[in-house]
Structures are given as C-alpha cells and as structure tokens.
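The structure appears below as structure tokens.
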Amino acid sequence: MAKLKAIYISHLHIDHHMGICTVLLQRRNLLQRLGLEVEPVMVIAGRFMSPWIQTIGEDFIEDINSLFELFSTNDFMPDKYWVSNRQRVRKQLVQRHVTNTLGLTEFRTTLVGHCRGATGLLLRHKKNWSLVYSGDAEYSRNLVALGKDCDVLIHEATFSEEEKDLAVLHKHCTTSQAIQVGQEMNAKFTLLTHFSQRYGRVPEFNDSFNDKVGVAHDFMRVRLTDLPLLPMFNHPLELLFSSERN
Ligand SMILES: [Zn+2]
Ligand SMILES: [Zn+2]
C-alpha cells in the first residue's frame with residue numbers, strides 16, 4: 001500500500017470504483033504511521049469520475065481531495081477529432097508524467113462497450129512486458145486492437161455460455177468470448193476474472209480453456225514467468241469449488 005503510485009478506474013460501477021475512498025484513507029493512515037510524506041496518488045479514470053469523486057470528497061467524513069491527483073482516461077486515447085497544438089502538447093505532457101512515474105513506456109486506454117465512458121487499458125513496462133486489462137466489457141474490437149501481441153490479458157468473464165443472452169443485455173463477456181479476445185489479440189496468456197456470483201470463485205470451465213488460459217482471484221499474485229503453470233490449477237479449482245455453485 002505504501003508503494004501505491006496509481007489507481008486505474010475502468011468505469012463507474014460500484015464494484016469497480018466505490019472502494020477508492022477507503023484505499024485513499026488507509027494509504028494516508030499507513031504513510032503517516034510510517035512517518036512518510038503523503039504524496040497524492042494518481043487516479044486515472046473516465047470523465048464521470050471527476051464530479052463523483054469531488055462530491056464524495058466534500059461529503060466524506062474526512063477530506064480525501066488532497067489524497068489524489070486525477071487524470072482523464074481521454075488523455076491516453078488516440079485523438080478522435082482535430083486537436084490544437086496546445087491540446088496535443090498538454091496531452092503528451094500528461095502521458096509522459098504518468099508513464100515516467102510508473103516506469104512505463106506506454107499507457108494507453110480505449111473505449112469498450114459496457115457503460116458510458118468504460119475503458120480498457122494497455123500498459124507496457126520499461127523491461128518490455130505488456131499487460132492489457134478489459135475492465136467490464138462486452139466483446140471489444142477496440143480492445144483486441146489495443147492489446148495486439150501483449151504478454152498478459154486480464155479479462156472479465158462474467159457469464160457462462162448458457163447465459164449468453166444475459167451477457168448481451170448487461171454488456172459483459174462469456175468465458176468463451178473472453179478467451180476468444182485473448183486469441184484474437186494473440187495474447188501470450190489470458191487471465192480470467194470477475195465471475196458471476198452464480199459461479200462463486202471460479203468461472204464455468206468449458207472446452208475453450210487451453211494451456212494459455214488461467215483463473216485469477218482477488219489478491220492473487222503471480223510472476224509473469226509462472227503464468228504457464230496456472231492452467232494446471234484449472235481442473236483442481238473446478239473440483240474444489242464446484243460444490244459452491246448456486
Ligand atoms: Zn460494470
Ligand atoms: Zn463489474
């Protein structure tokens with residue numbers, strides 16, 4: 001927590017952004033306890049985050065506005081329209097600030113179909129590994145293009161194949177669609193996450209799983225070099241958690 005430098009908010013649904021106040025306050029408390037300076041943490045989020053966090057910052061029992069510095073995901077997207085020289089330079093400066101602070105060479109976002117302003121993310125490290133995160137998203141061509149040849153894709157897999165219609169209605173992916181996105185972008189590894197409550201801690205395993213697909217849990221830590229081992233856990237996990245299914 002003391003080393004936390006940035007928080008990326010993919011979209012404004014409470015399971016994705018609500019915890020930020022607690023994180024900011026806990027981080028501040030910890031830094032104070034350690035006798036360290038409380039530098040604001042970078043928060044990179046869509047434009048709807050700004051009014052929300054300002055309001056919550058004012059209403060919150062403690063003032064959180066000084067604990068973060070807000071950046072817009074728009075500043076990490078390609079330009080849609082003509083932009084002035086001044087806007088272009090400002091955007092470059094923002095990008096440079098964020099990438100330098102995080103030890104990255106690239107930090108890019110793209111719009112994905114889910115709710116207004118929902119984005120996915122690509123980051124590339126100085127050591128040249130790259131990571132793509134879908135946020136919540138239906139099947140997204142934008143994300144496939146953004147993540148071309150990445151090392152790791154972290155993709156939501158909310159619904160099973162039987163719930164295809166629900167996936168369409170709520171703009172989420174099924175497990176197979178998430179795996180397909182990884183295949184289409186030629187990701188070296190796909191890590192599935194964000195499973196429907198119905199399935200508990202694991203997704204519905206099916207035939208689209210292969211040796212480049214693993215399952216993630218909250219707080220799980222895995223080295224890039226260990227990713228190829230993860231698929232070995234798929235079958236044991238299925239056996240272990242199948243009784244939890246509703
Ligand atoms: Zn969502
Ligand atoms: Zn969600």
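Chain labels run A, B, ... following the order of the structure tokens; each chain numbers its residues from 1, and ligands are numbered from 1 in the order shown.
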- ligand 2 neighbours within 9 Å using only C-alpha atoms and all ligand atoms, as an MDAnalysis selection string: chainID A and resid 11 13:16 135:137 156 158 172 194:195
Resulting file, chosen residues, N, CA, C and O atoms, as an mmCIF file, in the first residue's frame:
```cif
data_model
loop_
_atom_site.group_PDB
_atom_site.id
_atom_site.type_symbol
_atom_site.label_atom_id
_atom_site.label_comp_id
_atom_site.auth_asym_id
_atom_site.auth_seq_id
_atom_site.Cartn_x
_atom_site.Cartn_y
_atom_site.Cartn_z
ATOM 1 N N HIS A 11 -14.365 1.969 -15.067
ATOM 2 C CA HIS A 11 -15.706 2.540 -15.288
ATOM 3 C C HIS A 11 -16.404 2.740 -13.952
ATOM 4 O O HIS A 11 -15.978 2.203 -12.927
ATOM 5 N N HIS A 13 -18.994 1.730 -12.005
ATOM 6 C CA HIS A 13 -19.967 0.832 -11.394
ATOM 7 C C HIS A 13 -19.415 0.539 -10.002
ATOM 8 O O HIS A 13 -18.198 0.395 -9.837
ATOM 9 N N ILE A 14 -20.319 0.415 -9.048
ATOM 10 C CA ILE A 14 -19.830 0.416 -7.662
ATOM 11 C C ILE A 14 -18.848 -0.704 -7.347
ATOM 12 O O ILE A 14 -18.007 -0.539 -6.478
ATOM 13 N N ASP A 15 -18.945 -1.838 -8.056
ATOM 14 C CA ASP A 15 -17.978 -2.910 -7.751
ATOM 15 C C ASP A 15 -16.591 -2.561 -8.290
ATOM 16 O O ASP A 15 -15.636 -3.305 -8.087
ATOM 17 N N HIS A 16 -16.456 -1.422 -8.984
ATOM 18 C CA HIS A 16 -15.153 -1.042 -9.546
ATOM 19 C C HIS A 16 -14.574 0.256 -8.990
ATOM 20 O O HIS A 16 -13.378 0.459 -9.058
ATOM 21 N N GLY A 135 -11.319 -4.288 -17.997
ATOM 22 C CA GLY A 135 -12.408 -3.704 -17.211
ATOM 23 C C GLY A 135 -13.625 -4.592 -17.416
ATOM 24 O O GLY A 135 -13.481 -5.763 -17.782
ATOM 25 N N ASP A 136 -14.830 -4.076 -17.199
ATOM 26 C CA ASP A 136 -16.031 -4.814 -17.609
ATOM 27 C C ASP A 136 -16.265 -4.454 -19.062
ATOM 28 O O ASP A 136 -16.248 -3.272 -19.422
ATOM 29 N N ALA A 137 -16.484 -5.459 -19.896
ATOM 30 C CA ALA A 137 -16.650 -5.154 -21.326
ATOM 31 C C ALA A 137 -17.330 -6.291 -22.054
ATOM 32 O O ALA A 137 -17.083 -7.459 -21.755
ATOM 33 N N GLU A 156 -12.399 -9.864 -18.030
ATOM 34 C CA GLU A 156 -13.581 -10.283 -17.281
ATOM 35 C C GLU A 156 -14.234 -11.477 -17.971
ATOM 36 O O GLU A 156 -14.165 -11.608 -19.186
ATOM 37 N N THR A 158 -17.724 -12.752 -16.988
ATOM 38 C CA THR A 158 -18.837 -12.713 -16.030
ATOM 39 C C THR A 158 -19.808 -13.875 -16.197
ATOM 40 O O THR A 158 -20.268 -14.454 -15.227
ATOM 41 N N HIS A 172 -21.503 -7.680 -20.937
ATOM 42 C CA HIS A 172 -20.365 -8.387 -20.352
ATOM 43 C C HIS A 172 -19.943 -9.460 -21.352
ATOM 44 O O HIS A 172 -20.597 -9.669 -22.373
ATOM 45 N N HIS A 194 -13.519 -11.692 -12.499
ATOM 46 C CA HIS A 194 -14.863 -11.088 -12.450
ATOM 47 C C HIS A 194 -15.945 -12.103 -12.831
ATOM 48 O O HIS A 194 -16.637 -11.943 -13.831
ATOM 49 N N PHE A 195 -16.089 -13.143 -12.011
ATOM 50 C CA PHE A 195 -17.063 -14.191 -12.308
ATOM 51 C C PHE A 195 -18.391 -13.896 -11.642
ATOM 52 O O PHE A 195 -18.430 -13.369 -10.534
#
```
- Contacts of Val41 in chain A at 7 Å or less, counting only C-alpha atoms, minus same-chain residues fewer than 6 places along, as a ChimeraX atom specification? /A:5-6,67-69
Using the selection just defined, write its residues with N, CA, C and O atoms as a PDB file, in the first residue's frame.
```pdb
ATOM      1  N   LYS A   5       1.265   3.819  -6.435  1.00  0.00           N
ATOM      2  CA  LYS A   5       1.508   5.061  -7.174  1.00  0.00           C
ATOM      3  C   LYS A   5       0.305   5.503  -7.988  1.00  0.00           C
ATOM      4  O   LYS A   5       0.131   6.685  -8.257  1.00  0.00           O
ATOM      5  N   ALA A   6      -0.488   4.543  -8.458  1.00  0.00           N
ATOM      6  CA  ALA A   6      -1.604   4.907  -9.327  1.00  0.00           C
ATOM      7  C   ALA A   6      -2.762   3.936  -9.174  1.00  0.00           C
ATOM      8  O   ALA A   6      -2.564   2.764  -8.856  1.00  0.00           O
ATOM      9  N   LEU A  67      -5.722  13.763  -1.369  1.00  0.00           N
ATOM     10  CA  LEU A  67      -5.012  12.472  -1.354  1.00  0.00           C
ATOM     11  C   LEU A  67      -4.788  11.897  -2.741  1.00  0.00           C
ATOM     12  O   LEU A  67      -4.189  10.837  -2.890  1.00  0.00           O
ATOM     13  N   PHE A  68      -5.334  12.550  -3.766  1.00  0.00           N
ATOM     14  CA  PHE A  68      -5.182  12.008  -5.120  1.00  0.00           C
ATOM     15  C   PHE A  68      -5.046  13.136  -6.140  1.00  0.00           C
ATOM     16  O   PHE A  68      -5.407  14.285  -5.888  1.00  0.00           O
ATOM     17  N   GLU A  69      -4.511  12.753  -7.295  1.00  0.00           N
ATOM     18  CA  GLU A  69      -4.406  13.664  -8.433  1.00  0.00           C
ATOM     19  C   GLU A  69      -5.119  12.963  -9.587  1.00  0.00           C
ATOM     20  O   GLU A  69      -4.770  11.821  -9.925  1.00  0.00           O
TER      21      GLU A  69
END
```
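Coordinates place CA of Ser10 in chain A at a distance of 16.1 Å from CA of Leu192 in chain A.
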Spatial neighbours of Ala187 in chain A, 12 Å, only C-alpha atoms, chain gap at least 5 places, as a PDB file with N, CA and C atoms, in the first residue's frame:
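Written file, around_8.pdb:
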```pdb
ATOM      1  N   LEU A 122      -3.991  -0.648 -21.755  1.00  0.00           N
ATOM      2  CA  LEU A 122      -2.739  -1.340 -22.087  1.00  0.00           C
ATOM      3  C   LEU A 122      -1.606  -0.627 -21.371  1.00  0.00           C
ATOM      4  N   TRP A 129       7.665  -5.899 -20.954  1.00  0.00           N
ATOM      5  CA  TRP A 129       6.459  -6.728 -20.848  1.00  0.00           C
ATOM      6  C   TRP A 129       5.227  -5.828 -20.971  1.00  0.00           C
ATOM      7  N   SER A 130       4.144  -6.413 -21.444  1.00  0.00           N
ATOM      8  CA  SER A 130       2.932  -5.606 -21.623  1.00  0.00           C
ATOM      9  C   SER A 130       1.727  -6.319 -21.018  1.00  0.00           C
ATOM     10  N   LEU A 131       0.803  -5.517 -20.530  1.00  0.00           N
ATOM     11  CA  LEU A 131      -0.383  -6.050 -19.853  1.00  0.00           C
ATOM     12  C   LEU A 131      -1.623  -5.300 -20.341  1.00  0.00           C
ATOM     13  N   VAL A 132      -2.670  -6.052 -20.603  1.00  0.00           N
ATOM     14  CA  VAL A 132      -3.933  -5.446 -21.040  1.00  0.00           C
ATOM     15  C   VAL A 132      -5.019  -5.842 -20.054  1.00  0.00           C
ATOM     16  N   TYR A 133      -5.879  -4.878 -19.709  1.00  0.00           N
ATOM     17  CA  TYR A 133      -6.971  -5.141 -18.760  1.00  0.00           C
ATOM     18  C   TYR A 133      -8.288  -4.688 -19.400  1.00  0.00           C
ATOM     19  N   LEU A 143     -10.462  -3.329 -27.948  1.00  0.00           N
ATOM     20  CA  LEU A 143      -9.534  -3.950 -27.008  1.00  0.00           C
ATOM     21  C   LEU A 143      -8.605  -4.924 -27.743  1.00  0.00           C
ATOM     22  N   VAL A 144      -9.169  -5.669 -28.697  1.00  0.00           N
ATOM     23  CA  VAL A 144      -8.344  -6.600 -29.489  1.00  0.00           C
ATOM     24  C   VAL A 144      -7.221  -5.817 -30.181  1.00  0.00           C
ATOM     25  N   ALA A 145      -7.574  -4.672 -30.763  1.00  0.00           N
ATOM     26  CA  ALA A 145      -6.573  -3.861 -31.478  1.00  0.00           C
ATOM     27  C   ALA A 145      -5.541  -3.297 -30.495  1.00  0.00           C
ATOM     28  N   LEU A 146      -6.016  -2.842 -29.349  1.00  0.00           N
ATOM     29  CA  LEU A 146      -5.113  -2.240 -28.352  1.00  0.00           C
ATOM     30  C   LEU A 146      -4.101  -3.257 -27.826  1.00  0.00           C
ATOM     31  N   GLY A 147      -4.577  -4.489 -27.646  1.00  0.00           N
ATOM     32  CA  GLY A 147      -3.745  -5.479 -26.960  1.00  0.00           C
ATOM     33  C   GLY A 147      -2.902  -6.359 -27.851  1.00  0.00           C
ATOM     34  N   LYS A 148      -2.823  -6.040 -29.135  1.00  0.00           N
ATOM     35  CA  LYS A 148      -2.110  -6.886 -30.100  1.00  0.00           C
ATOM     36  C   LYS A 148      -0.768  -7.387 -29.539  1.00  0.00           C
ATOM     37  N   ASP A 149      -0.597  -8.708 -29.514  1.00  0.00           N
ATOM     38  CA  ASP A 149       0.654  -9.383 -29.112  1.00  0.00           C
ATOM     39  C   ASP A 149       1.090  -9.089 -27.668  1.00  0.00           C
ATOM     40  N   CYS A 150       0.160  -8.763 -26.799  1.00  0.00           N
ATOM     41  CA  CYS A 150       0.554  -8.457 -25.411  1.00  0.00           C
ATOM     42  C   CYS A 150       0.985  -9.728 -24.665  1.00  0.00           C
ATOM     43  N   ASP A 151       1.653  -9.553 -23.533  1.00  0.00           N
ATOM     44  CA  ASP A 151       2.088 -10.698 -22.734  1.00  0.00           C
ATOM     45  C   ASP A 151       0.948 -11.279 -21.899  1.00  0.00           C
ATOM     46  N   VAL A 152       0.182 -10.388 -21.269  1.00  0.00           N
ATOM     47  CA  VAL A 152      -0.932 -10.855 -20.433  1.00  0.00           C
ATOM     48  C   VAL A 152      -2.186 -10.040 -20.713  1.00  0.00           C
ATOM     49  N   LEU A 153      -3.276 -10.750 -20.915  1.00  0.00           N
ATOM     50  CA  LEU A 153      -4.584 -10.094 -20.976  1.00  0.00           C
ATOM     51  C   LEU A 153      -5.351 -10.501 -19.717  1.00  0.00           C
ATOM     52  N   ILE A 154      -5.781  -9.513 -18.936  1.00  0.00           N
ATOM     53  CA  ILE A 154      -6.663  -9.794 -17.801  1.00  0.00           C
ATOM     54  C   ILE A 154      -8.069  -9.435 -18.267  1.00  0.00           C
ATOM     55  N   HIS A 155      -8.916 -10.431 -18.406  1.00  0.00           N
ATOM     56  CA  HIS A 155     -10.234 -10.171 -18.999  1.00  0.00           C
ATOM     57  C   HIS A 155     -11.351 -10.653 -18.088  1.00  0.00           C
ATOM     58  N   ALA A 178     -14.263 -14.140 -23.733  1.00  0.00           N
ATOM     59  CA  ALA A 178     -13.044 -13.574 -23.124  1.00  0.00           C
ATOM     60  C   ALA A 178     -11.812 -14.308 -23.658  1.00  0.00           C
ATOM     61  N   ILE A 179     -11.908 -15.628 -23.733  1.00  0.00           N
ATOM     62  CA  ILE A 179     -10.784 -16.426 -24.250  1.00  0.00           C
ATOM     63  C   ILE A 179     -10.550 -16.091 -25.730  1.00  0.00           C
ATOM     64  N   GLN A 180     -11.645 -15.896 -26.461  1.00  0.00           N
ATOM     65  CA  GLN A 180     -11.554 -15.533 -27.889  1.00  0.00           C
ATOM     66  C   GLN A 180     -10.838 -14.187 -28.076  1.00  0.00           C
ATOM     67  N   VAL A 181     -11.148 -13.221 -27.208  1.00  0.00           N
ATOM     68  CA  VAL A 181     -10.481 -11.913 -27.292  1.00  0.00           C
ATOM     69  C   VAL A 181      -8.967 -12.103 -27.159  1.00  0.00           C
ATOM     70  N   GLY A 182      -8.560 -12.932 -26.196  1.00  0.00           N
ATOM     71  CA  GLY A 182      -7.139 -13.221 -25.993  1.00  0.00           C
ATOM     72  C   GLY A 182      -6.517 -13.860 -27.227  1.00  0.00           C
ATOM     73  N   LYS A 212      -3.111 -21.634 -22.346  1.00  0.00           N
ATOM     74  CA  LYS A 212      -2.748 -20.217 -22.224  1.00  0.00           C
ATOM     75  C   LYS A 212      -3.801 -19.455 -21.429  1.00  0.00           C
ATOM     76  N   VAL A 213      -4.666 -20.194 -20.727  1.00  0.00           N
ATOM     77  CA  VAL A 213      -5.765 -19.541 -20.002  1.00  0.00           C
ATOM     78  C   VAL A 213      -5.734 -19.964 -18.528  1.00  0.00           C
TER      79      VAL A 213
END
```
- Item | Selection near range 114-117 of chain A, 10 Å with only C-alpha atoms, sequence-local residues under 3 positions removed, as number ranges by chain | A: 10-13, 45-49, 73-74, 110-111, 135-140, 168-173
Alpha helix (DSSP H) positions in range 70-179 of chain A, given as a tab-separated table (two decimals) with N, CA and C atoms, in the first residue's frame:
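Result file follows (selection.tsv):
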```tsv
chain	number	residue	atom	x	y	z
A	85	ASN	N	-2.54	22.51	-31.37
A	85	ASN	CA	-1.17	22.22	-30.96
A	85	ASN	C	-1.04	22.22	-29.44
A	86	ARG	N	-1.75	23.18	-28.83
A	86	ARG	CA	-1.69	23.31	-27.37
A	86	ARG	C	-2.26	22.06	-26.69
A	87	GLN	N	-3.41	21.58	-27.20
A	87	GLN	CA	-4.04	20.37	-26.65
A	87	GLN	C	-3.12	19.15	-26.82
A	88	ARG	N	-2.48	19.10	-27.99
A	88	ARG	CA	-1.60	17.96	-28.28
A	88	ARG	C	-0.41	17.92	-27.32
A	89	VAL	N	0.17	19.10	-27.10
A	89	VAL	CA	1.34	19.19	-26.21
A	89	VAL	C	0.93	18.86	-24.77
A	90	ARG	N	-0.25	19.36	-24.35
A	90	ARG	CA	-0.72	19.10	-22.99
A	90	ARG	C	-0.90	17.59	-22.77
A	91	LYS	N	-1.49	16.95	-23.77
A	91	LYS	CA	-1.72	15.51	-23.69
A	91	LYS	C	-0.39	14.74	-23.61
A	92	GLN	N	0.56	15.16	-24.41
A	92	GLN	CA	1.87	14.50	-24.39
A	92	GLN	C	2.54	14.63	-23.02
A	93	LEU	N	2.39	15.82	-22.43
A	93	LEU	CA	2.99	16.05	-21.11
A	93	LEU	C	2.35	15.16	-20.04
A	94	VAL	N	1.00	15.05	-20.11
A	94	VAL	CA	0.28	14.19	-19.17
A	94	VAL	C	0.75	12.75	-19.33
A	95	GLN	N	0.82	12.30	-20.57
A	95	GLN	CA	1.23	10.91	-20.83
A	95	GLN	C	2.65	10.66	-20.32
A	96	ARG	N	3.52	11.62	-20.57
A	96	ARG	CA	4.92	11.47	-20.16
A	96	ARG	C	5.02	11.41	-18.63
A	97	HIS	N	4.24	12.27	-17.96
A	97	HIS	CA	4.26	12.31	-16.50
A	97	HIS	C	3.83	10.94	-15.93
A	98	VAL	N	2.74	10.42	-16.46
A	98	VAL	CA	2.20	9.15	-15.93
A	98	VAL	C	3.16	7.99	-16.25
A	99	THR	N	3.62	7.89	-17.47
A	99	THR	CA	4.49	6.77	-17.83
A	99	THR	C	5.82	6.84	-17.05
A	100	ASN	N	6.40	8.02	-16.95
A	100	ASN	CA	7.66	8.15	-16.20
A	100	ASN	C	7.50	7.78	-14.74
A	101	THR	N	6.41	8.27	-14.12
A	101	THR	CA	6.18	7.97	-12.70
A	101	THR	C	6.04	6.47	-12.46
A	102	LEU	N	5.45	5.79	-13.44
A	102	LEU	CA	5.18	4.36	-13.24
A	102	LEU	C	6.25	3.45	-13.84
A	141	ARG	N	-13.71	-5.01	-30.19
A	141	ARG	CA	-12.69	-4.91	-31.25
A	141	ARG	C	-11.61	-3.91	-30.86
A	142	ASN	N	-12.03	-2.84	-30.21
A	142	ASN	CA	-11.07	-1.83	-29.75
A	142	ASN	C	-10.00	-2.46	-28.86
A	143	LEU	N	-10.46	-3.33	-27.95
A	143	LEU	CA	-9.53	-3.95	-27.01
A	143	LEU	C	-8.60	-4.92	-27.74
A	144	VAL	N	-9.17	-5.67	-28.70
A	144	VAL	CA	-8.34	-6.60	-29.49
A	144	VAL	C	-7.22	-5.82	-30.18
A	145	ALA	N	-7.57	-4.67	-30.76
A	145	ALA	CA	-6.57	-3.86	-31.48
A	145	ALA	C	-5.54	-3.30	-30.50
A	146	LEU	N	-6.02	-2.84	-29.35
A	146	LEU	CA	-5.11	-2.24	-28.35
A	146	LEU	C	-4.10	-3.26	-27.83
A	164	LYS	N	-25.52	-16.54	-22.37
A	164	LYS	CA	-25.13	-15.66	-23.48
A	164	LYS	C	-26.03	-14.43	-23.59
A	165	ASP	N	-27.34	-14.64	-23.45
A	165	ASP	CA	-28.28	-13.53	-23.60
A	165	ASP	C	-28.10	-12.49	-22.49
A	166	LEU	N	-27.85	-12.98	-21.28
A	166	LEU	CA	-27.60	-12.05	-20.17
A	166	LEU	C	-26.34	-11.24	-20.42
A	167	ALA	N	-25.33	-11.91	-21.01
A	167	ALA	CA	-24.07	-11.22	-21.32
A	167	ALA	C	-24.34	-10.07	-22.30
A	168	VAL	N	-25.19	-10.33	-23.29
A	168	VAL	CA	-25.52	-9.28	-24.26
A	168	VAL	C	-26.27	-8.14	-23.58
A	169	LEU	N	-27.28	-8.51	-22.77
A	169	LEU	CA	-28.10	-7.49	-22.10
A	169	LEU	C	-27.28	-6.58	-21.19
A	170	HIS	N	-26.37	-7.19	-20.43
A	170	HIS	CA	-25.61	-6.42	-19.44
A	170	HIS	C	-24.25	-5.97	-19.95
A	175	THR	N	-17.34	-16.58	-20.77
A	175	THR	CA	-15.99	-17.13	-20.62
A	175	THR	C	-15.34	-17.35	-22.00
A	176	SER	N	-16.09	-17.96	-22.91
A	176	SER	CA	-15.52	-18.26	-24.24
A	176	SER	C	-15.18	-16.99	-25.02
A	177	GLN	N	-16.03	-15.97	-24.88
A	177	GLN	CA	-15.73	-14.70	-25.57
A	177	GLN	C	-14.44	-14.08	-25.04
A	178	ALA	N	-14.26	-14.14	-23.73
A	178	ALA	CA	-13.04	-13.57	-23.12
A	178	ALA	C	-11.81	-14.31	-23.66
A	179	ILE	N	-11.91	-15.63	-23.73
A	179	ILE	CA	-10.78	-16.43	-24.25
A	179	ILE	C	-10.55	-16.09	-25.73
```
- Query: With only C-alpha atoms and all ligand atoms as the atoms that count, which of A:Thr55, A:Gln32, A:Ser66, A:Ser134 lies nearest to ligand 1?
  - Reply: A:Ser134
- Item | chain A: residues DSSP assigns to strand (DSSP E or B), reported as number ranges by chain | A: 6-8, 41-45, 68-72, 104-111, 119-125, 130-133, 152-156, 159, 174, 189-193, 213-215
- Item | Between CA of Pro51 in chain A and CA of Asp75 in chain A, distance in Å (one decimal) |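 A separation of 17.3 Å between them.
Of the residues listed (A:Ile44, A:Ile9, A:Ala2, A:Ala157), A:Ala2 shows the shortest atom-to-atom separation from Arg28 in chain A; distances use only C-alpha atoms.
Checking A:Pro228, A:Gly120, A:Pro78, A:Pro236 one by one against ligand 1, counting only C-alpha atoms and all ligand atoms, you find the shortest gap at A:Gly120.
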- Message: When you count only C-alpha atoms and all ligand atoms, which of these residues is closest to ligand 1: A:Ile64, A:Met18, A:Ala118, A:Val23?
- Response: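 Using only C-alpha atoms and all ligand atoms, ligand 1 sits closest to A:Ala118.
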- Query: With only C-alpha atoms and all ligand atoms as the basis for distance, which of A:Val112, A:Ile53, A:Leu240, A:Gly200 is at the shortest distance from ligand 1?
  - Reply: A:Val112
- Message: Rounded to one decimal, what separation in Å do you get between CA of Lys80 in chain A and CA of Gln183 in chain A?
- Response: 27.4 Å
Close residues, Asp218 in chain A itself excluded, 10 Å, only C-alpha atoms, min 3 positions apart in chain, as a short mmCIF file (atom, residue, chain, number, x, y, z; two decimals) with N, CA and C atoms, in the first residue's frame:
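Once written, part_25.cif looks like this:
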```cif
data_model
loop_
_atom_site.label_atom_id
_atom_site.label_comp_id
_atom_site.auth_asym_id
_atom_site.auth_seq_id
_atom_site.Cartn_x
_atom_site.Cartn_y
_atom_site.Cartn_z
N THR A 193 -11.15 -13.22 -14.92
CA THR A 193 -11.54 -12.70 -13.61
C THR A 193 -13.00 -12.22 -13.65
N HIS A 194 -13.52 -11.69 -12.50
CA HIS A 194 -14.86 -11.09 -12.45
C HIS A 194 -15.95 -12.10 -12.83
N ARG A 201 -16.29 -18.61 -6.89
CA ARG A 201 -14.92 -18.16 -7.05
C ARG A 201 -14.25 -18.57 -8.36
N ARG A 221 -1.29 -13.15 -6.45
CA ARG A 221 -0.08 -12.60 -7.04
C ARG A 221 0.59 -13.70 -7.83
#
```
